[in-house]
Structures are given as structure tokens and as C-alpha cells.
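Q: Sharing a structure, written as C-alpha cells. Questions coming.
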Amino acid sequence: MKRRSWGLVFRNAAEGIAYGLRTQRNVRVHTGVAVLMCVAGFFFRISRIDWMFVLTAVFLVLVTELMNTAVEAAVDLAHPHIHPLAKAAKDTAAGAVLLAAVFAVIIGCIVFIKPVMSWLGLY
């Protein structure tokens with residue numbers, strides 16, 4: 001195998017992220033929610049530990065969403081017609097995204113419920 005420069009490796013990765021953002025609505029939605037969570041983290045001045053949980057959840061969702069995009073593209077290329085195994089692969093990848101998103105919602109509730117309630121004067 002030919003060795004590639006670090007610059008090329010990072011450029012290819014950036015192109016993959018850009019492809020996901022350009023072509024996948026859910027990647028854009030999750031990226032928007034990730035930005036909102038980061039803004040909320042700064043607004044509520046969450047702790048370093050809370051930042052670790054929030055960023056872990058955010059990146060887990062984005063990573064699984066990009067992996068889902070990759071699986072879907074590969075499956076569509078290999079088997080463009082509906083096949084039970086192709087459906088299983090795509091559904092399983094989508095399930096991974098769902099689990100990551102549920103995890104992120106749980107983390108968001110745990111981290112932000114107290115600051116939001118306090119900000120609203122309810123705590």
C-alpha cells in the first residue's frame with residue numbers, strides 16, 4: 001500500500017465530514033443540536049466534568065451518524081436493490097444512531113436540568 005501524507009489523510013477525513021453535512025439532513029440536524037448544547041454549556045457555565053459528558057455524547061452522535069452514512073453508501077453501492085441483508089445493515093446502523101441520540105438526551109437532561117430550573121427560578 002502506498003503511504004499517504006498526513007495532509008491528504010486529514011483532507012480526506014474533512015471531505016467525508018463535508019459530504020455528510022452536505023447530503024444528510026440528520027447530520028445537519030445533529031450538528032445544529034451539538035452547537036446548541038455547546039452554547040448552552042457556555043451560557044450555564046457547566047463544570048469540566050459536565051463538559052466531558054456533553055462532548056462525549058455530542059461526538060458519539062456525530063460519529064455514529066457519519067458511520068451510518070458510510071454504511072448506507074457502501075450498501076447502496078454493493079446492492080442497489082432492496083435485499084434483506086442490505087436492509088438489516090442499514091437498519092442496524094440507524095439503530096446505533098438512535099441509541100447514541102437517546103444517550104445524548106439522557107446526558108443533556110442530567111447536565112442541564114438543574115441549571116435550567118435554577119435559571120427559570122424553579123429550583
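Please note that chains go A, B, ... in the order of the C-alpha cells, that every chain numbers its residues from 1, and that ligands are numbered from 1 in the order shown.
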Can you pull out the residues contacting Ala89 in chain A? Cut-off 10 Å, using only C-alpha atoms, and skip same-chain residues under 3 positions away; I want them as an NGL selection string.
A: :A and (68 or 71-72 or 75 or 83-86 or 92-95)
Q: What would the file look like if the residues just selected were written as a PDB file, in the first residue's frame with all heavy atoms?
A:
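This went into selection-v5.pdb:
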```pdb
ATOM      1  N   ASN A  68     -23.156   5.743   9.961  1.00  0.00           N
ATOM      2  CA  ASN A  68     -24.406   5.345   9.324  1.00  0.00           C
ATOM      3  C   ASN A  68     -24.414   5.771   7.859  1.00  0.00           C
ATOM      4  O   ASN A  68     -24.812   5.001   6.980  1.00  0.00           O
ATOM      5  CB  ASN A  68     -25.597   5.951  10.071  1.00  0.00           C
ATOM      6  CG  ASN A  68     -26.927   5.527   9.493  1.00  0.00           C
ATOM      7  OD1 ASN A  68     -27.162   4.355   9.244  1.00  0.00           O
ATOM      8  ND2 ASN A  68     -27.797   6.499   9.286  1.00  0.00           N
ATOM      9  N   VAL A  71     -22.105   3.398   5.961  1.00  0.00           N
ATOM     10  CA  VAL A  71     -22.732   2.077   5.775  1.00  0.00           C
ATOM     11  C   VAL A  71     -23.786   2.160   4.670  1.00  0.00           C
ATOM     12  O   VAL A  71     -23.828   1.300   3.785  1.00  0.00           O
ATOM     13  CB  VAL A  71     -23.347   1.561   7.099  1.00  0.00           C
ATOM     14  CG1 VAL A  71     -24.269   0.377   6.851  1.00  0.00           C
ATOM     15  CG2 VAL A  71     -22.257   1.191   8.082  1.00  0.00           C
ATOM     16  N   GLU A  72     -24.627   3.177   4.718  1.00  0.00           N
ATOM     17  CA  GLU A  72     -25.667   3.309   3.706  1.00  0.00           C
ATOM     18  C   GLU A  72     -25.074   3.449   2.309  1.00  0.00           C
ATOM     19  O   GLU A  72     -25.557   2.822   1.357  1.00  0.00           O
ATOM     20  CB  GLU A  72     -26.572   4.496   4.019  1.00  0.00           C
ATOM     21  CG  GLU A  72     -27.500   4.245   5.190  1.00  0.00           C
ATOM     22  CD  GLU A  72     -28.454   5.396   5.454  1.00  0.00           C
ATOM     23  OE1 GLU A  72     -28.330   6.453   4.799  1.00  0.00           O
ATOM     24  OE2 GLU A  72     -29.328   5.223   6.315  1.00  0.00           O
ATOM     25  N   VAL A  75     -23.553   0.027   1.269  1.00  0.00           N
ATOM     26  CA  VAL A  75     -24.606  -0.954   0.987  1.00  0.00           C
ATOM     27  C   VAL A  75     -25.302  -0.614  -0.331  1.00  0.00           C
ATOM     28  O   VAL A  75     -25.560  -1.498  -1.156  1.00  0.00           O
ATOM     29  CB  VAL A  75     -25.615  -1.037   2.156  1.00  0.00           C
ATOM     30  CG1 VAL A  75     -26.865  -1.800   1.760  1.00  0.00           C
ATOM     31  CG2 VAL A  75     -24.951  -1.685   3.360  1.00  0.00           C
ATOM     32  N   HIS A  83     -32.557  -5.721  -0.520  1.00  0.00           N
ATOM     33  CA  HIS A  83     -32.229  -7.097  -0.158  1.00  0.00           C
ATOM     34  C   HIS A  83     -32.343  -7.181   1.360  1.00  0.00           C
ATOM     35  O   HIS A  83     -32.001  -6.215   2.063  1.00  0.00           O
ATOM     36  CB  HIS A  83     -30.812  -7.431  -0.620  1.00  0.00           C
ATOM     37  CG  HIS A  83     -30.419  -8.847  -0.371  1.00  0.00           C
ATOM     38  ND1 HIS A  83     -29.982  -9.289   0.852  1.00  0.00           N
ATOM     39  CD2 HIS A  83     -30.407  -9.917  -1.201  1.00  0.00           C
ATOM     40  CE1 HIS A  83     -29.718 -10.577   0.774  1.00  0.00           C
ATOM     41  NE2 HIS A  83     -29.962 -10.983  -0.471  1.00  0.00           N
ATOM     42  N   PRO A  84     -32.814  -8.292   1.906  1.00  0.00           N
ATOM     43  CA  PRO A  84     -32.977  -8.376   3.368  1.00  0.00           C
ATOM     44  C   PRO A  84     -31.695  -8.085   4.152  1.00  0.00           C
ATOM     45  O   PRO A  84     -31.749  -7.437   5.192  1.00  0.00           O
ATOM     46  CB  PRO A  84     -33.440  -9.818   3.590  1.00  0.00           C
ATOM     47  CG  PRO A  84     -34.077 -10.225   2.301  1.00  0.00           C
ATOM     48  CD  PRO A  84     -33.331  -9.480   1.228  1.00  0.00           C
ATOM     49  N   LEU A  85     -30.548  -8.528   3.656  1.00  0.00           N
ATOM     50  CA  LEU A  85     -29.301  -8.249   4.374  1.00  0.00           C
ATOM     51  C   LEU A  85     -28.886  -6.785   4.240  1.00  0.00           C
ATOM     52  O   LEU A  85     -28.332  -6.208   5.178  1.00  0.00           O
ATOM     53  CB  LEU A  85     -28.181  -9.172   3.880  1.00  0.00           C
ATOM     54  CG  LEU A  85     -28.336 -10.636   4.265  1.00  0.00           C
ATOM     55  CD1 LEU A  85     -27.218 -11.471   3.645  1.00  0.00           C
ATOM     56  CD2 LEU A  85     -28.359 -10.802   5.778  1.00  0.00           C
ATOM     57  N   ALA A  86     -29.153  -6.189   3.091  1.00  0.00           N
ATOM     58  CA  ALA A  86     -28.867  -4.764   2.925  1.00  0.00           C
ATOM     59  C   ALA A  86     -29.733  -3.945   3.881  1.00  0.00           C
ATOM     60  O   ALA A  86     -29.256  -3.009   4.532  1.00  0.00           O
ATOM     61  CB  ALA A  86     -29.122  -4.337   1.480  1.00  0.00           C
ATOM     62  N   THR A  92     -29.515  -1.576  11.200  1.00  0.00           N
ATOM     63  CA  THR A  92     -28.637  -1.720  12.362  1.00  0.00           C
ATOM     64  C   THR A  92     -27.808  -0.451  12.568  1.00  0.00           C
ATOM     65  O   THR A  92     -27.660   0.025  13.702  1.00  0.00           O
ATOM     66  CB  THR A  92     -27.726  -2.948  12.199  1.00  0.00           C
ATOM     67  OG1 THR A  92     -28.548  -4.104  12.004  1.00  0.00           O
ATOM     68  CG2 THR A  92     -26.845  -3.151  13.410  1.00  0.00           C
ATOM     69  N   ALA A  93     -27.287   0.112  11.482  1.00  0.00           N
ATOM     70  CA  ALA A  93     -26.522   1.358  11.589  1.00  0.00           C
ATOM     71  C   ALA A  93     -27.411   2.498  12.092  1.00  0.00           C
ATOM     72  O   ALA A  93     -26.993   3.306  12.927  1.00  0.00           O
ATOM     73  CB  ALA A  93     -25.900   1.709  10.238  1.00  0.00           C
ATOM     74  N   ALA A  94     -28.644   2.543  11.595  1.00  0.00           N
ATOM     75  CA  ALA A  94     -29.583   3.568  12.068  1.00  0.00           C
ATOM     76  C   ALA A  94     -29.915   3.358  13.539  1.00  0.00           C
ATOM     77  O   ALA A  94     -30.076   4.322  14.297  1.00  0.00           O
ATOM     78  CB  ALA A  94     -30.858   3.546  11.222  1.00  0.00           C
ATOM     79  N   GLY A  95     -30.004   2.096  13.959  1.00  0.00           N
ATOM     80  CA  GLY A  95     -30.247   1.800  15.370  1.00  0.00           C
ATOM     81  C   GLY A  95     -29.126   2.295  16.261  1.00  0.00           C
ATOM     82  O   GLY A  95     -29.367   2.770  17.381  1.00  0.00           O
TER      83      GLY A  95
END
```
Q: From chain A, collect each residue whose DSSP state is helix (DSSP H, G or I) and return the set as JSON, numbers by chain.
A: {"A": [6, 7, 8, 9, 10, 11, 12, 13, 14, 15, 16, 17, 18, 19, 20, 21, 22, 23, 25, 26, 27, 28, 29, 30, 31, 32, 33, 34, 35, 36, 37, 38, 39, 40, 41, 42, 43, 48, 49, 50, 51, 52, 53, 54, 55, 56, 57, 58, 59, 60, 61, 62, 63, 64, 65, 66, 67, 68, 69, 70, 71, 72, 73, 74, 75, 76, 77, 78, 84, 85, 86, 87, 88, 89, 90, 91, 92, 93, 94, 95, 96, 97, 98, 99, 100, 101, 102, 103, 104, 105, 106, 107, 108, 109, 110, 111, 112, 113, 114, 115, 116, 117, 118, 119]}
Q: As an MDAnalysis selection string, please: the residues near Phe112 in chain A (cut-off 12 Å, only C-alpha atoms, same-chain neighbours under 3 positions excluded).
A: chainID A and resid 37:47 50:51 53:54 104:109 115:119
Q: Once you have the residues from the selection above, write them out as a PDB file, in the first residue's frame, restricted to C-alpha atoms.
A:
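Contents of out.pdb, freshly written:
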```
ATOM      1  CA  MET A  37     -25.599  22.178  23.513  1.00  0.00           C
ATOM      2  CA  CYS A  38     -22.188  23.841  23.436  1.00  0.00           C
ATOM      3  CA  VAL A  39     -23.765  27.307  23.569  1.00  0.00           C
ATOM      4  CA  ALA A  40     -25.903  26.135  26.500  1.00  0.00           C
ATOM      5  CA  GLY A  41     -22.806  24.760  28.214  1.00  0.00           C
ATOM      6  CA  PHE A  42     -21.098  28.148  27.987  1.00  0.00           C
ATOM      7  CA  PHE A  43     -24.261  30.016  28.975  1.00  0.00           C
ATOM      8  CA  PHE A  44     -24.818  27.891  32.081  1.00  0.00           C
ATOM      9  CA  ARG A  45     -21.088  27.634  32.833  1.00  0.00           C
ATOM     10  CA  ILE A  46     -21.195  23.884  33.297  1.00  0.00           C
ATOM     11  CA  SER A  47     -18.316  22.164  35.080  1.00  0.00           C
ATOM     12  CA  ASP A  50     -20.179  18.052  32.734  1.00  0.00           C
ATOM     13  CA  TRP A  51     -18.317  19.258  29.614  1.00  0.00           C
ATOM     14  CA  PHE A  53     -20.103  14.146  29.388  1.00  0.00           C
ATOM     15  CA  VAL A  54     -21.712  16.632  26.985  1.00  0.00           C
ATOM     16  CA  ALA A 104     -27.153  12.216  24.416  1.00  0.00           C
ATOM     17  CA  VAL A 105     -30.653  13.234  25.517  1.00  0.00           C
ATOM     18  CA  ILE A 106     -30.163  11.487  28.861  1.00  0.00           C
ATOM     19  CA  ILE A 107     -26.802  13.216  29.366  1.00  0.00           C
ATOM     20  CA  GLY A 108     -28.344  16.552  28.370  1.00  0.00           C
ATOM     21  CA  CYS A 109     -31.147  16.120  30.898  1.00  0.00           C
ATOM     22  CA  PRO A 115     -29.076  24.943  35.686  1.00  0.00           C
ATOM     23  CA  VAL A 116     -32.219  25.430  33.575  1.00  0.00           C
ATOM     24  CA  MET A 117     -34.529  25.056  36.584  1.00  0.00           C
ATOM     25  CA  SER A 118     -32.369  27.497  38.562  1.00  0.00           C
ATOM     26  CA  TRP A 119     -32.331  29.968  35.667  1.00  0.00           C
TER      27      TRP A 119
END
```
Q: May I have the residues within 7 Å of range 20-36 of chain A as a PyMOL selection string, using only C-alpha atoms and disregarding those fewer than 3 positions away in the same chain?
A: chain A and resi 16-17+39-40+58+62+65-66+69
Q: Save out the residues we just selected, C-alpha atoms, as an mmCIF file, in the first residue's frame.
A:
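Below you can see result35.cif, which holds the result:
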```
data_model
loop_
_atom_site.group_PDB
_atom_site.id
_atom_site.type_symbol
_atom_site.label_atom_id
_atom_site.label_comp_id
_atom_site.auth_asym_id
_atom_site.auth_seq_id
_atom_site.Cartn_x
_atom_site.Cartn_y
_atom_site.Cartn_z
ATOM 1 C CA GLY A 16 -16.080 12.856 4.426
ATOM 2 C CA ILE A 17 -17.454 15.174 7.097
ATOM 3 C CA VAL A 39 -23.765 27.307 23.569
ATOM 4 C CA ALA A 40 -25.903 26.135 26.500
ATOM 5 C CA VAL A 58 -22.218 15.075 21.134
ATOM 6 C CA LEU A 62 -21.938 12.723 15.212
ATOM 7 C CA GLU A 65 -24.294 9.449 12.177
ATOM 8 C CA LEU A 66 -21.257 9.607 9.887
ATOM 9 C CA THR A 69 -23.864 7.463 6.213
#
```
Q: Enter the distance from CA of Lys87 in chain A to CA of Thr56 in chain A, in Å, rounded to one decimal.
A: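 Between CA of Lys87 in chain A and CA of Thr56 in chain A the gap is 28.8 Å.
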Q: Considering only C-alpha atoms, state which residue in the set A:Ala73, A:Lys2, A:His81, A:Met52 is at the smallest distance from Tyr19 in chain A.
A: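 Looking only at the distances to Tyr19 in chain A, the closest residue turns out to be A:Ala73.
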